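Shown next, in structure tokens, is the structure this report addresses.
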Amino acid sequence: GVFELDDAARVVCARAATMWAQPRGGMLAVRADADAVRARAVAGIEIAGLNAPALTVVSGPHAAIAAFADALKADGIEATALRVSHGFH
């Protein structure tokens with residue numbers, strides 16, 4: 001491998017600590033393509049992943065995710081909140 005086991009364990013632990021230190025947030029799987037999501041995005045929402053042509057994952061602060069989910073629902077677009085501690089991919 002690239003790393004010795006001890007070095008790899010240190011890298012994994014450092015990455016975990018860095019991720020945990022980031023601000024909390026949420027993620028939402030949106031049943032729409034990236035262009036449709038981009039056109040509706042509210043402040044604080046970022047596209048975190050493109051999982052399929054009509055499945056876009058967004059991330060952001062909890063309040064922004066909640067507001068975006070409500071706006072999508074009002075527009076008849078399905079979205080599912082993902083169970084995560086932080087909003088990044």
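Ligands are numbered from 1 in the order shown, chains are lettered A, B, ... in the order of the structure tokens, and residues start at 1 in each chain.
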> Hey, what does DSSP flag as strand (DSSP E or B) within stretch 28-80 of chain A? Can you give it to me as a PyMOL selection string?
Replying inline: chain A and resi 28-30+46-52+55-60+79-80
Could you write out the selected residues, including N, CA, C and O atoms, as a short mmCIF file (atom, residue, chain, number, x, y, z; two decimals), in the first residue's frame?
data_model
loop_
_atom_site.label_atom_id
_atom_site.label_comp_id
_atom_site.auth_asym_id
_atom_site.auth_seq_id
_atom_site.Cartn_x
_atom_site.Cartn_y
_atom_site.Cartn_z
N LEU A 28 -29.91 17.00 1.50
CA LEU A 28 -31.22 16.71 0.97
C LEU A 28 -31.05 16.08 -0.40
O LEU A 28 -30.33 16.61 -1.25
N ALA A 29 -31.68 14.93 -0.62
CA ALA A 29 -31.70 14.28 -1.93
C ALA A 29 -32.92 14.82 -2.68
O ALA A 29 -34.05 14.66 -2.22
N VAL A 30 -32.70 15.48 -3.80
CA VAL A 30 -33.77 16.14 -4.55
C VAL A 30 -34.02 15.38 -5.83
O VAL A 30 -33.10 15.09 -6.59
N GLU A 46 -25.82 24.41 -1.48
CA GLU A 46 -24.81 24.05 -2.47
C GLU A 46 -25.09 22.65 -3.00
O GLU A 46 -25.55 21.78 -2.25
N ILE A 47 -24.81 22.43 -4.27
CA ILE A 47 -24.92 21.07 -4.81
C ILE A 47 -23.73 20.27 -4.31
O ILE A 47 -22.59 20.65 -4.48
N ALA A 48 -24.03 19.16 -3.65
CA ALA A 48 -22.99 18.31 -3.07
C ALA A 48 -22.70 17.08 -3.91
O ALA A 48 -21.63 16.50 -3.81
N GLY A 49 -23.67 16.68 -4.74
CA GLY A 49 -23.46 15.49 -5.55
C GLY A 49 -24.54 15.33 -6.60
O GLY A 49 -25.67 15.80 -6.44
N LEU A 50 -24.14 14.71 -7.69
CA LEU A 50 -25.06 14.36 -8.77
C LEU A 50 -25.11 12.84 -8.81
O LEU A 50 -24.22 12.21 -9.37
N ASN A 51 -26.13 12.26 -8.21
CA ASN A 51 -26.19 10.81 -8.07
C ASN A 51 -26.82 10.10 -9.25
O ASN A 51 -26.62 8.91 -9.44
N ALA A 52 -27.61 10.82 -10.04
CA ALA A 52 -28.27 10.28 -11.23
C ALA A 52 -28.76 11.48 -12.04
O ALA A 52 -28.77 12.60 -11.52
N LEU A 55 -31.42 13.08 -9.92
CA LEU A 55 -31.24 12.97 -8.46
C LEU A 55 -30.01 13.77 -8.06
O LEU A 55 -28.88 13.37 -8.32
N THR A 56 -30.28 14.90 -7.43
CA THR A 56 -29.23 15.83 -7.03
C THR A 56 -29.22 15.94 -5.52
O THR A 56 -30.28 16.06 -4.90
N VAL A 57 -28.06 15.90 -4.92
CA VAL A 57 -27.93 16.05 -3.48
C VAL A 57 -27.38 17.44 -3.19
O VAL A 57 -26.43 17.89 -3.81
N VAL A 58 -28.05 18.12 -2.24
CA VAL A 58 -27.61 19.45 -1.83
C VAL A 58 -27.21 19.42 -0.36
O VAL A 58 -27.62 18.53 0.39
N SER A 59 -26.42 20.39 0.04
CA SER A 59 -26.00 20.50 1.43
C SER A 59 -26.04 21.95 1.84
O SER A 59 -26.05 22.87 1.02
N GLY A 60 -26.06 22.15 3.17
CA GLY A 60 -26.06 23.51 3.69
C GLY A 60 -26.47 23.52 5.15
O GLY A 60 -26.71 22.47 5.75
N ALA A 79 -38.28 15.50 -2.27
CA ALA A 79 -36.95 15.60 -1.66
C ALA A 79 -36.95 14.82 -0.36
O ALA A 79 -37.96 14.76 0.34
N THR A 80 -35.82 14.22 -0.06
CA THR A 80 -35.67 13.42 1.15
C THR A 80 -34.49 13.93 1.96
O THR A 80 -33.37 14.01 1.42
#
> Could you write out, as an MDAnalysis selection string, all the residues of chain A that DSSP marks as alpha helix (DSSP H)?
Replying inline: chainID A and resid 5:21 34:40 62:74
> Nearest to A:Val84: which of A:Met27, A:Ala32, A:Val42, A:Ile65 is it, counting only C-alpha atoms?
Replying inline: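 When distances to A:Val84 are compared using only C-alpha atoms, the smallest one comes from A:Met27.
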> Hey, what's within 12 Å of A:Gly25 if we count only C-alpha atoms and toss same-chain stuff fewer than 6 positions away? As a VMD selection string, please?
Replying inline: chain A and resid 19 44 to 46 58 to 66 81 to 89
> Counting only C-alpha atoms, which of A:Glu4, A:Ala34, A:Ala54, A:Gly26 gets nearest to A:Ala69?
Replying inline: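 Counting only C-alpha atoms, the residue closest to A:Ala69 is A:Gly26.
Note that the spacing between atom CA of A:Lys73 and atom CA of A:Pro53 amounts to 19.7 Å.
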